[in-house]
file upload22.cif (mmCIF, C-alpha atoms and all ligand atoms)
data_run
loop_
_atom_site.label_atom_id
_atom_site.label_comp_id
_atom_site.auth_asym_id
_atom_site.auth_seq_id
_atom_site.Cartn_x
_atom_site.Cartn_y
_atom_site.Cartn_z
CA MET A 1 126.21 108.07 -104.77
CA ASP A 2 127.00 110.04 -101.64
CA LEU A 3 128.18 107.65 -98.97
CA LYS A 4 127.72 110.13 -96.13
CA GLU A 5 124.84 107.95 -94.96
CA ASN A 6 127.34 105.20 -94.31
CA GLY A 7 129.60 107.52 -92.35
CA ARG A 8 131.78 107.99 -95.42
CA HIS A 9 132.23 111.18 -97.34
CA CYS A 10 133.38 109.65 -100.61
CA GLU A 11 131.64 111.60 -103.33
CA THR A 12 133.85 111.43 -106.40
CA ALA A 13 136.74 109.39 -107.69
CA VAL A 14 138.79 112.39 -108.69
CA VAL A 15 142.16 113.44 -107.43
CA ASP A 16 143.45 116.98 -107.86
CA ASP A 17 140.48 117.71 -110.14
CA GLU A 18 141.49 115.00 -112.61
CA PRO A 19 139.85 111.60 -113.10
CA THR A 20 142.05 109.13 -111.23
CA ALA A 21 144.48 107.24 -113.45
CA GLY A 22 143.53 103.64 -113.99
CA VAL A 23 140.00 104.09 -112.64
CA ALA A 24 136.89 103.99 -114.82
CA GLY A 25 134.59 106.91 -113.99
CA SER A 26 131.53 104.66 -113.60
CA ALA A 27 133.22 102.70 -110.84
CA THR A 28 132.85 105.42 -108.19
CA GLU A 29 130.45 103.53 -105.95
CA GLU A 30 132.58 100.42 -105.95
CA LEU A 31 135.71 102.45 -105.29
CA CYS A 32 134.15 104.10 -102.27
CA ALA A 33 133.03 100.75 -100.91
CA ARG A 34 136.57 99.42 -101.33
CA ALA A 35 138.27 102.49 -99.89
CA PRO A 36 140.50 101.98 -96.88
CA VAL A 37 139.16 103.05 -93.49
CA GLY A 38 142.40 104.40 -92.10
CA LEU A 39 145.60 106.07 -93.18
CA LEU A 40 148.72 106.04 -91.04
CA ALA A 41 150.73 109.12 -92.01
CA GLU A 42 154.30 108.79 -90.78
CA LEU A 43 155.18 112.45 -91.03
CA THR A 44 158.81 112.02 -89.97
CA HIS A 45 161.15 109.42 -88.53
CA ARG A 46 162.74 112.03 -86.28
CA CYS A 47 162.02 111.28 -82.62
CA PRO A 48 163.65 112.42 -79.38
CA LEU A 49 163.00 108.99 -77.82
CA GLN A 50 164.79 105.76 -78.72
CA CYS A 51 162.46 102.90 -77.82
CA GLY A 52 163.87 99.49 -78.63
CA TYR A 53 160.47 98.23 -79.84
CA CYS A 54 159.83 101.07 -82.29
CA SER A 55 157.82 100.03 -85.35
CA ASN A 56 159.86 102.27 -87.62
CA PRO A 57 162.20 100.49 -90.04
CA LEU A 58 165.82 99.92 -89.06
CA GLU A 59 166.85 102.27 -91.87
CA LEU A 60 165.26 105.49 -90.66
CA GLU A 61 164.37 107.99 -93.40
CA ARG A 62 166.32 111.23 -93.27
CA VAL A 63 164.83 114.68 -92.81
CA ASN A 64 165.94 115.85 -96.27
CA LYS A 65 163.78 113.11 -97.85
CA GLU A 66 160.59 114.12 -96.01
CA LEU A 67 157.54 115.18 -98.03
CA SER A 68 156.80 118.88 -98.34
CA THR A 69 153.86 120.54 -96.63
CA GLU A 70 152.12 120.87 -100.01
CA THR A 71 152.38 117.14 -100.68
CA TRP A 72 150.96 116.20 -97.26
CA VAL A 73 148.13 118.71 -97.79
CA SER A 74 147.40 117.06 -101.15
CA VAL A 75 147.53 113.60 -99.52
CA MET A 76 144.90 114.65 -96.97
CA SER A 77 142.67 116.01 -99.71
CA GLN A 78 143.07 112.83 -101.78
CA ALA A 79 142.39 110.66 -98.72
CA GLY A 80 139.15 112.51 -98.03
CA ALA A 81 138.06 112.28 -101.67
CA MET A 82 138.62 108.53 -101.83
CA GLY A 83 136.52 107.84 -98.73
CA ILE A 84 139.11 107.32 -96.01
CA LEU A 85 137.64 108.06 -92.58
CA GLN A 86 140.56 108.42 -90.18
CA VAL A 87 144.11 109.70 -90.40
CA HIS A 88 146.62 108.78 -87.73
CA LEU A 89 149.37 111.40 -87.64
CA SER A 90 152.39 109.49 -86.50
CA GLY A 91 156.14 109.19 -86.87
CA GLY A 92 158.71 109.10 -85.36
CA GLU A 93 157.37 112.05 -83.48
CA PRO A 94 154.88 113.98 -85.64
CA THR A 95 155.23 117.17 -83.57
CA ALA A 96 158.83 117.39 -84.80
CA ARG A 97 157.27 118.77 -88.02
CA LYS A 98 156.82 122.53 -87.83
CA ASP A 99 154.00 122.35 -90.38
CA LEU A 100 151.86 119.92 -88.36
CA GLU A 101 149.22 122.65 -87.98
CA GLU A 102 148.80 122.92 -91.76
CA ILE A 103 148.56 119.15 -92.13
CA VAL A 104 145.93 118.94 -89.37
CA ALA A 105 143.96 121.76 -90.99
CA ALA A 106 144.09 119.94 -94.35
CA ALA A 107 142.88 116.71 -92.71
CA SER A 108 140.00 118.56 -91.08
CA LYS A 109 139.08 120.29 -94.35
CA ALA A 110 139.06 116.89 -96.08
CA GLY A 111 136.60 115.55 -93.49
CA LEU A 112 139.09 113.13 -91.93
CA TYR A 113 138.99 112.24 -88.23
CA SER A 114 142.52 113.08 -87.11
CA ASN A 115 144.39 111.29 -84.35
CA LEU A 116 147.75 112.61 -83.18
CA ILE A 117 149.99 109.72 -82.06
CA THR A 118 152.65 111.35 -79.97
CA ALA A 119 155.31 110.77 -77.33
CA ALA A 120 154.26 114.26 -76.15
CA VAL A 121 157.65 115.49 -74.94
CA LEU A 122 157.95 118.23 -77.60
CA LEU A 123 154.47 119.69 -77.07
CA ASN A 124 153.60 122.84 -75.17
CA ARG A 125 150.13 124.00 -74.27
CA GLN A 126 150.00 126.77 -76.84
CA ARG A 127 150.83 124.39 -79.66
CA LEU A 128 148.26 121.86 -78.51
CA GLU A 129 145.64 124.62 -78.40
CA GLY A 130 146.61 125.63 -81.94
CA LEU A 131 146.25 122.06 -83.19
CA ALA A 132 142.85 121.73 -81.52
CA ALA A 133 141.76 125.02 -83.08
CA ARG A 134 142.72 123.68 -86.51
CA GLY A 135 140.49 120.66 -86.08
CA LEU A 136 142.55 117.98 -84.36
CA ASP A 137 140.07 115.35 -83.14
CA HIS A 138 141.99 113.00 -80.83
CA VAL A 139 145.32 112.60 -79.05
CA GLN A 140 147.10 109.34 -78.25
CA ILE A 141 150.04 109.53 -75.86
CA SER A 142 152.48 106.67 -75.39
CA PHE A 143 153.80 105.90 -71.91
CA GLN A 144 156.90 103.72 -71.89
CA ASP A 145 156.01 102.53 -68.36
CA THR A 146 154.00 103.76 -65.37
CA ASP A 147 157.20 103.92 -63.32
CA ALA A 148 158.99 107.14 -64.30
CA ALA A 149 162.57 105.90 -63.92
CA ASN A 150 161.93 102.72 -65.90
CA ALA A 151 159.94 104.61 -68.56
CA GLU A 152 162.77 107.07 -69.07
CA ARG A 153 165.31 104.25 -69.29
CA ILE A 154 163.20 102.41 -71.89
CA GLY A 155 162.68 105.54 -74.00
CA ALA A 156 166.17 106.94 -73.26
CA TYR A 157 164.71 110.37 -72.52
CA PRO A 158 165.16 111.86 -69.04
CA GLY A 159 162.22 113.89 -67.77
CA ALA A 160 159.77 112.39 -70.26
CA GLN A 161 157.20 111.07 -67.78
CA LYS A 162 156.49 114.41 -66.07
CA LYS A 163 156.04 116.07 -69.46
CA LYS A 164 153.70 113.34 -70.71
CA LEU A 165 151.49 113.66 -67.62
CA GLU A 166 151.38 117.41 -68.11
CA VAL A 167 150.38 117.09 -71.78
CA ALA A 168 147.73 114.49 -70.96
CA ALA A 169 146.18 116.96 -68.50
CA TRP A 170 146.12 119.68 -71.20
CA VAL A 171 144.45 117.28 -73.62
CA LYS A 172 141.64 116.77 -71.12
CA GLU A 173 141.38 120.49 -70.32
CA LEU A 174 140.95 121.22 -74.02
CA GLY A 175 138.15 118.68 -74.24
CA LEU A 176 139.95 116.35 -76.66
CA PRO A 177 139.51 112.59 -76.33
CA LEU A 178 142.62 110.89 -74.97
CA THR A 179 144.04 107.43 -75.57
CA VAL A 180 146.85 106.11 -73.39
CA ASN A 181 149.09 103.82 -75.37
CA ALA A 182 150.93 101.17 -73.33
CA PRO A 183 153.54 99.17 -75.25
CA ILE A 184 153.92 95.99 -73.15
CA HIS A 185 156.98 93.75 -72.88
CA ARG A 186 158.95 91.90 -70.23
CA GLN A 187 160.43 95.12 -68.79
CA ASN A 188 157.05 96.63 -67.88
CA ILE A 189 154.51 93.79 -68.02
CA HIS A 190 154.29 93.75 -64.22
CA ASN A 191 152.64 97.20 -64.47
CA VAL A 192 149.65 96.37 -66.68
CA GLY A 193 147.31 96.94 -63.73
CA ARG A 194 149.01 100.23 -62.97
CA TYR A 195 148.50 101.34 -66.60
CA ILE A 196 144.76 100.88 -66.09
CA GLU A 197 144.90 103.06 -62.95
CA LEU A 198 146.94 105.66 -64.85
CA ALA A 199 144.42 105.81 -67.71
CA LEU A 200 141.60 106.31 -65.17
CA GLU A 201 143.55 109.00 -63.30
CA LEU A 202 144.16 110.86 -66.55
CA GLY A 203 140.50 110.65 -67.60
CA ALA A 204 141.39 108.78 -70.80
CA GLN A 205 138.57 107.39 -72.92
CA ARG A 206 140.67 104.53 -74.15
CA LEU A 207 143.67 102.50 -73.08
CA GLU A 208 145.59 100.50 -75.64
CA ILE A 209 147.47 97.61 -74.06
CA ALA A 210 149.74 96.86 -76.99
CA HIS A 211 151.90 93.82 -76.47
CA VAL A 212 154.98 94.44 -78.56
CA GLN A 213 154.95 92.83 -82.00
CA TYR A 214 158.34 91.47 -82.92
CA TYR A 215 159.18 93.15 -86.22
CA GLY A 216 161.74 95.85 -87.01
CA TRP A 217 163.50 97.15 -83.91
CA ALA A 218 161.50 94.84 -81.65
CA TYR A 219 162.74 91.84 -83.64
CA VAL A 220 166.31 92.94 -83.01
CA ASN A 221 165.46 93.39 -79.32
CA ARG A 222 163.31 90.31 -78.92
CA ALA A 223 165.52 88.72 -76.26
CA ALA A 224 165.39 91.99 -74.30
CA LEU A 225 161.62 92.32 -74.55
CA ILE A 226 159.78 89.04 -74.81
CA PRO A 227 157.85 88.10 -71.66
CA THR A 228 157.32 84.55 -70.42
CA TYR A 229 154.22 82.58 -71.34
CA ASP A 230 152.91 82.86 -67.76
CA GLN A 231 153.42 86.62 -67.60
CA THR A 232 151.63 86.98 -70.92
CA ILE A 233 148.62 84.90 -69.89
CA GLN A 234 148.35 86.69 -66.52
CA SER A 235 148.37 90.08 -68.23
CA ILE A 236 145.66 89.01 -70.69
CA GLU A 237 143.47 87.63 -67.89
CA LEU A 238 143.91 90.82 -65.87
CA VAL A 239 142.85 92.97 -68.83
CA GLU A 240 139.82 90.79 -69.50
CA ARG A 241 138.70 91.10 -65.87
CA GLU A 242 139.23 94.85 -65.84
CA ARG A 243 137.38 95.30 -69.12
CA GLU A 244 134.28 93.85 -67.51
CA ARG A 245 134.67 95.95 -64.37
CA LEU A 246 135.21 99.19 -66.32
CA LYS A 247 132.54 98.78 -68.98
CA GLY A 248 131.22 102.22 -69.87
CA VAL A 249 134.07 103.95 -68.03
CA LEU A 250 137.21 103.05 -69.95
CA THR A 251 137.60 101.20 -73.23
CA ILE A 252 140.56 98.84 -73.02
CA ASP A 253 141.84 97.57 -76.36
CA MET A 254 144.47 94.89 -76.37
CA VAL A 255 146.93 93.85 -79.04
CA VAL A 256 147.78 90.32 -77.99
CA PRO A 257 151.26 88.90 -78.48
CA ASP A 258 151.74 86.49 -81.35
CA TYR A 259 154.45 84.22 -80.07
CA TYR A 260 152.29 82.26 -77.65
CA ALA A 261 149.12 82.31 -79.77
CA LYS A 262 147.44 79.38 -81.50
CA ARG A 263 145.95 81.42 -84.32
CA PRO A 264 147.36 84.60 -85.88
CA LYS A 265 145.73 88.00 -85.97
CA PRO A 266 144.17 89.15 -89.23
CA CYS A 267 147.13 91.47 -89.64
CA MET A 268 146.03 94.96 -90.78
CA GLY A 269 142.56 93.42 -91.11
CA GLY A 270 143.87 91.78 -94.29
CA TRP A 271 146.61 93.06 -96.61
CA GLY A 272 145.38 95.99 -98.71
CA LYS A 273 141.90 95.68 -97.28
CA GLY A 274 141.37 98.55 -94.87
CA PHE A 275 144.58 100.46 -94.15
CA LEU A 276 147.51 102.11 -95.80
CA ASN A 277 150.66 103.65 -94.51
CA ILE A 278 152.68 106.52 -95.97
CA THR A 279 156.33 106.89 -94.98
CA PRO A 280 158.00 110.27 -94.38
CA SER A 281 159.38 110.23 -97.94
CA GLY A 282 156.00 109.36 -99.48
CA LYS A 283 156.24 105.62 -100.07
CA VAL A 284 152.81 104.01 -99.74
CA LEU A 285 152.90 100.70 -97.84
CA PRO A 286 150.20 98.13 -97.04
CA CYS A 287 151.63 97.98 -93.49
CA HIS A 288 154.38 99.82 -91.65
CA ALA A 289 156.76 96.83 -91.80
CA ALA A 290 156.13 95.92 -95.46
CA GLU A 291 159.58 97.11 -96.52
CA THR A 292 161.07 94.05 -94.80
CA ILE A 293 159.60 91.91 -97.60
CA PRO A 294 161.92 91.71 -100.60
CA GLY A 295 160.51 92.05 -104.12
CA LEU A 296 157.68 94.47 -103.33
CA VAL A 297 157.55 97.73 -105.30
CA PHE A 298 156.32 100.71 -103.30
CA ASP A 299 154.87 103.63 -105.23
CA ASN A 300 155.29 107.18 -104.01
CA VAL A 301 152.55 109.80 -103.56
CA GLN A 302 154.83 112.22 -105.39
CA ASP A 303 154.54 110.10 -108.53
CA ARG A 304 151.01 108.63 -108.57
CA PRO A 305 147.61 109.55 -107.10
CA LEU A 306 146.88 107.83 -103.81
CA LEU A 307 143.77 106.09 -105.10
CA ASP A 308 145.64 104.68 -108.08
CA ILE A 309 148.33 103.33 -105.74
CA TRP A 310 145.72 101.80 -103.43
CA LEU A 311 143.94 100.04 -106.28
CA ASN A 312 146.73 99.14 -108.66
CA SER A 313 150.17 99.10 -107.08
CA GLN A 314 152.17 95.90 -107.14
CA ALA A 315 152.81 95.98 -103.39
CA PHE A 316 149.10 96.24 -102.49
CA ASN A 317 148.06 93.53 -104.91
CA ALA A 318 150.85 91.11 -103.92
CA PHE A 319 148.96 89.68 -100.92
CA ARG A 320 145.40 90.92 -101.48
CA GLY A 321 142.69 88.32 -101.18
CA THR A 322 143.69 84.67 -100.88
CA ASP A 323 145.09 83.62 -104.30
CA TRP A 324 148.71 84.06 -103.17
CA MET A 325 148.36 81.59 -100.29
CA LYS A 326 150.30 78.38 -99.88
CA GLU A 327 149.20 75.41 -97.82
CA PRO A 328 147.98 75.05 -95.11
CA CYS A 329 146.21 78.44 -95.52
CA ARG A 330 145.06 77.76 -99.09
CA SER A 331 142.64 75.02 -98.03
CA CYS A 332 141.87 76.35 -94.53
CA ALA A 333 138.39 77.41 -93.39
CA PHE A 334 139.88 80.47 -91.62
CA LYS A 335 141.58 81.95 -94.66
CA GLU A 336 138.98 84.71 -95.14
CA ILE A 337 139.03 85.45 -91.40
CA ASP A 338 142.71 85.86 -90.55
CA PHE A 339 144.12 86.06 -94.11
CA GLY A 340 146.99 83.83 -93.08
CA GLY A 341 148.23 86.26 -90.41
CA CYS A 342 151.15 88.60 -90.82
CA ARG A 343 153.26 88.56 -94.01
CA CYS A 344 156.12 90.41 -92.33
CA GLN A 345 156.29 87.91 -89.48
CA ALA A 346 156.19 85.02 -91.97
CA MET A 347 159.12 86.69 -93.76
CA ALA A 348 161.10 87.39 -90.57
CA ILE A 349 160.73 83.92 -89.08
CA THR A 350 160.46 81.60 -92.09
CA GLY A 351 162.24 83.58 -94.80
CA ASP A 352 159.18 83.47 -97.14
CA ALA A 353 156.38 86.04 -96.92
CA ARG A 354 153.92 83.64 -98.62
CA ASN A 355 154.20 81.09 -95.84
CA THR A 356 151.56 80.77 -93.13
CA ASP A 357 152.32 83.12 -90.25
CA PRO A 358 154.21 80.93 -87.75
CA ALA A 359 151.94 82.30 -85.01
CA CYS A 360 149.43 79.77 -86.38
CA ALA A 361 149.59 76.32 -84.77
CA LEU A 362 149.05 74.82 -88.24
CA SER A 363 152.32 76.30 -89.50
CA PRO A 364 155.21 73.81 -89.57
CA TYR A 365 157.35 76.56 -88.02
CA HIS A 366 155.03 77.16 -85.05
CA GLY A 367 156.64 74.76 -82.58
CA GLU A 368 160.10 76.19 -83.17
CA MET A 369 158.81 79.74 -82.84
CA VAL A 370 157.18 79.01 -79.49
CA ALA A 371 160.28 77.15 -78.26
CA MET A 372 162.46 80.09 -79.31
CA ALA A 373 160.21 82.54 -77.47
CA ARG A 374 160.10 80.42 -74.33
CA SER A 375 163.86 79.93 -74.25
CA GLU A 376 164.60 83.64 -74.82
CA ALA A 377 162.09 84.66 -72.15
CA ALA A 378 163.64 82.24 -69.65
CA LEU A 379 167.07 83.89 -69.91
CA PRO A 380 167.96 87.30 -68.43
CA PRO A 381 167.08 90.12 -70.85
CA THR A 382 169.80 91.23 -73.26
CA PRO A 383 170.74 94.96 -73.27
CA ILE A 384 168.34 97.10 -75.33
CA VAL A 385 169.59 98.14 -78.77
CA TYR A 386 168.21 101.68 -78.77
CA ARG A 387 166.42 102.93 -81.86
CA ASN A 388 168.70 105.53 -83.41
CA PRO A 389 170.58 105.89 -86.70
CA ARG A 390 173.84 104.93 -84.98
CA ASN A 391 172.52 101.52 -84.06
CA ALA A 392 170.84 100.79 -87.39
CA PRO A 393 173.75 99.12 -89.22
CA GLY A 394 174.47 96.70 -86.33
CA ALA A 395 170.74 96.20 -85.88
CA ALA A 396 170.54 94.99 -89.46
CA LYS A 397 171.92 91.69 -88.14
CA PRO A 398 168.98 90.42 -86.10
CA ALA A 399 169.65 88.27 -83.08
CA ALA A 400 167.04 85.81 -84.33
CA ARG A 401 167.61 84.13 -87.69
CA PRO A 402 165.06 82.69 -90.12
CA MET A 403 164.63 79.01 -89.36
CA ALA A 404 166.23 76.55 -91.72
CA MET A 405 163.16 74.55 -92.68
CA ALA A 406 161.75 73.51 -96.03
CA ASP A 407 158.87 75.53 -97.50
CA SER A 408 155.44 74.45 -96.56
S1 LIG B 1 158.15 104.00 -80.41
FE1 LIG B 1 159.48 105.40 -79.23
S2 LIG B 1 161.23 105.81 -80.64
FE2 LIG B 1 159.54 104.97 -81.90
S3 LIG B 1 158.45 106.78 -82.63
FE3 LIG B 1 157.42 106.09 -80.75
S4 LIG B 1 158.36 107.30 -79.10
FE4 LIG B 1 159.72 107.46 -80.89
S1 LIG B 2 146.35 77.86 -91.66
FE1 LIG B 2 146.36 79.97 -92.39
S2 LIG B 2 144.21 80.53 -92.69
FE2 LIG B 2 144.26 78.66 -91.39
S3 LIG B 2 144.20 79.40 -89.27
FE3 LIG B 2 146.37 79.17 -89.84
S4 LIG B 2 146.99 81.19 -90.64
FE4 LIG B 2 144.74 81.15 -90.60
#

call {"tool": "encode", "arguments": {"input": "upload22.cif", "output": "structure tokens"}}
result
Amino acid sequence: MDLKENGRHCETAVVDDEPTAGVAGSATEELCARAPVGLLAELTHRCPLQCGYCSNPLELERVNKELSTETWVSVMSQAGAMGILQVHLSGGEPTARKDLEEIVAAASKAGLYSNLITAAVLLNRQRLEGLAARGLDHVQISFQDTDAANAERIGAYPGAQKKKLEVAAWVKELGLPLTVNAPIHRQNIHNVGRYIELALELGAQRLEIAHVQYYGWAYVNRAALIPTYDQTIQSIELVERERERLKGVLTIDMVVPDYYAKRPKPCMGGWGKGFLNITPSGKVLPCHAAETIPGLVFDNVQDRPLLDIWLNSQAFNAFRGTDWMKEPCRSCAFKEIDFGGCRCQAMAITGDARNTDPACALSPYHGEMVAMARSEAALPPTPIVYRNPRNAPGAAKPAARPMAMADS
């Protein structure tokens, strides 16, 4: 069955011209239907910026462990063959890879919609033109704030804002769709309205108001970043009003913060359901923070075909579906809707990844989590622990500790 009609291009269940290990040939249709929608390709952890909310792990992978060009080209081809629709080329800073052009060309050849997620400071016009010529479909540029001085303090990169604005203008001139990414926290939340103006000024199609999620570096920096409840609600209300006003002009997506929520997000749309993430060294993860959960085994694209990993790896099957759930999720009517929330947040806050995400009001940890957030937000912000290899060992001791409560 050719799934092109469904917007998918999954035609065969073969990888590198061989039937995929662990997959019965007759199961092609089912495999395509179960294929992930998106692949986040972390091409490198190198980045000239040092944002304290970075979603990269505390232990950044070194350049000498990064996958070769050939392996990334093979990954793109495998992703296309298994029915994946979109590849997000990310990092670190993906433009730090000199072979980005070859990876983009491979993604295009495989029929993938490619999105470059970039801080933009390393790009020049000629390179952007070259990427567009090789089939790049979309560019997403992160802005650390709308105020240049504050943005450059948050990202620890002088001169970044001017360069980002310049690159955004080139993106539009080349006719590529542009997304403005706005990571929101207490040090820039007063500028949510200004981000909307900026996205309009730049001619962006989409603005992503992404309230920081407190895992990895952001967990370490939570007391520096978490806004108050009132600031959070005001920012959400503003975005909802502006969404109505700008219908048809600008799409505004919002990642809402967990700490003041009553119900969790269906994190990653459900574990192992629609997305996978590949680290610079080739480890395949169900989400970018999955390495914070002890006991999971992550297979590497250098050792096993991507489809085999997606279907059969221990890490993907650990929290697939609902069988792994404990109470209160196990007997909850929402369990197929939010899948119990985020496993990494459950791990970080409660010390057990199988617990209900404490963002849920039904979690016995919820009240303490909200109280912790409110008390941290009420105090002056702590200094930012910048994301760099030097800070990683100290950062391994998070300011916030798992709560000492019995399992649910
Ligand atoms: S969040 Fe900041 S430090 Fe992390 S990859 Fe993006 S630009 Fe670099
Ligand atoms: S108890 Fe679990 S399934 Fe029910 S709403 Fe909370 S997180 Fe979702």

call {"tool": "closest_residue", "arguments": {"input": "upload22.cif", "among": "A:His138, A:Arg153, A:Arg263, A:Lys98", "to": "ligand LIG 1 (chain B)", "atoms": "all atoms listed in the file"}}
result
A:Arg153

call {"tool": "atom_distance", "arguments": {"input": "upload22.cif", "atom1": "CA of Glu173 (chain A)", "atom2": "CA of Gly135 (chain A)"}}
result
15.8 Å

call {"tool": "residues_near_ligand", "arguments": {"input": "upload22.cif", "ligand": "ligand LIG 1 (chain B)", "cutoff": "10 Å", "atoms": "all atoms listed in the file", "output": "count of residues only"}}
result
39

call {"tool": "atom_distance", "arguments": {"input": "upload22.cif", "atom1": "CA of Tyr260 (chain A)", "atom2": "CA of Ala373 (chain A)"}}
result
7.9 Å

call {"tool": "residues_near_ligand", "arguments": {"input": "upload22.cif", "ligand": "ligand LIG 2 (chain B)", "cutoff": "6 Å", "atoms": "only C-alpha atoms and all ligand atoms", "output": "PDB file with C-alpha atoms, in the frame of the given file"}}
result
ATOM      1  CA  ARG A 263     145.950  81.420 -84.320  1.00  0.00           C
ATOM      2  CA  PRO A 264     147.360  84.600 -85.880  1.00  0.00           C
ATOM      3  CA  PRO A 328     147.980  75.050 -95.110  1.00  0.00           C
ATOM      4  CA  CYS A 329     146.210  78.440 -95.520  1.00  0.00           C
ATOM      5  CA  CYS A 332     141.870  76.350 -94.530  1.00  0.00           C
ATOM      6  CA  PHE A 334     139.880  80.470 -91.620  1.00  0.00           C
ATOM      7  CA  LYS A 335     141.580  81.950 -94.660  1.00  0.00           C
ATOM      8  CA  ASP A 338     142.710  85.860 -90.550  1.00  0.00           C
ATOM      9  CA  PHE A 339     144.120  86.060 -94.110  1.00  0.00           C
ATOM     10  CA  GLY A 340     146.990  83.830 -93.080  1.00  0.00           C
ATOM     11  CA  GLY A 341     148.230  86.260 -90.410  1.00  0.00           C
ATOM     12  CA  THR A 356     151.560  80.770 -93.130  1.00  0.00           C
ATOM     13  CA  ASP A 357     152.320  83.120 -90.250  1.00  0.00           C
ATOM     14  CA  CYS A 360     149.430  79.770 -86.380  1.00  0.00           C
ATOM     15  CA  LEU A 362     149.050  74.820 -88.240  1.00  0.00           C
TER      16      LEU A 362
END

call {"tool": "atom_distance", "arguments": {"input": "upload22.cif", "atom1": "CA of Tyr365 (chain A)", "atom2": "CA of Ala348 (chain A)"}}
result
11.7 Å

call {"tool": "closest_residue", "arguments": {"input": "upload22.cif", "among": "A:Arg97, A:Val63, A:Met82, A:Leu198", "to": "Asp147 (chain A)", "atoms": "all atoms listed in the file"}}
result
A:Leu198

call {"tool": "closest_residue", "arguments": {"input": "upload22.cif", "among": "A:Asp323, A:Glu101, A:Glu376, A:Glu59", "to": "Ala223 (chain A)", "atoms": "all atoms listed in the file"}}
result
A:Glu376

call {"tool": "residues_around", "arguments": {"input": "upload22.cif", "residues": "Leu225 (chain A)", "least_positions_apart": "2", "cutoff": "9 Å", "atoms": "only C-alpha atoms", "output": "JSON, numbers by chain"}}
result
{"A": [52, 53, 184, 185, 186, 187, 212, 218, 221, 222, 223, 227, 377, 381, 382, 384]}

call {"tool": "closest_residue", "arguments": {"input": "upload22.cif", "among": "A:Lys326, A:Arg34, A:Arg206, A:Lys164", "to": "Trp310 (chain A)", "atoms": "all atoms listed in the file"}}
result
A:Arg34

call {"tool": "closest_residue", "arguments": {"input": "upload22.cif", "among": "A:Ala392, A:Ala204, A:Ala318, A:Ile293", "to": "Thr179 (chain A)", "atoms": "all atoms listed in the file"}}
result
A:Ala204

call {"tool": "residues_near_point", "arguments": {"input": "upload22.cif", "point": "(141.0, 111.7, -83.4)", "cutoff": "8 Å", "atoms": "all atoms listed in the file", "output": "PyMOL selection string"}}
result
chain A and resi 86-88+113-116+136-139+177

call {"tool": "write_last_selection", "arguments": {"input": "upload22.cif", "atoms": "C-alpha atoms", "output": "mmCIF file, in the coordinates of the input"}}
result
data_model
loop_
_atom_site.group_PDB
_atom_site.id
_atom_site.type_symbol
_atom_site.label_atom_id
_atom_site.label_comp_id
_atom_site.auth_asym_id
_atom_site.auth_seq_id
_atom_site.Cartn_x
_atom_site.Cartn_y
_atom_site.Cartn_z
ATOM 1 C CA GLN A 86 140.560 108.420 -90.180
ATOM 2 C CA VAL A 87 144.110 109.700 -90.400
ATOM 3 C CA HIS A 88 146.620 108.780 -87.730
ATOM 4 C CA TYR A 113 138.990 112.240 -88.230
ATOM 5 C CA SER A 114 142.520 113.080 -87.110
ATOM 6 C CA ASN A 115 144.390 111.290 -84.350
ATOM 7 C CA LEU A 116 147.750 112.610 -83.180
ATOM 8 C CA LEU A 136 142.550 117.980 -84.360
ATOM 9 C CA ASP A 137 140.070 115.350 -83.140
ATOM 10 C CA HIS A 138 141.990 113.000 -80.830
ATOM 11 C CA VAL A 139 145.320 112.600 -79.050
ATOM 12 C CA PRO A 177 139.510 112.590 -76.330
#

call {"tool": "closest_residue", "arguments": {"input": "upload22.cif", "among": "A:Pro364, A:Gly270, A:Pro294, A:Gly248", "to": "Cys342 (chain A)", "atoms": "only C-alpha atoms"}}
result
A:Gly270
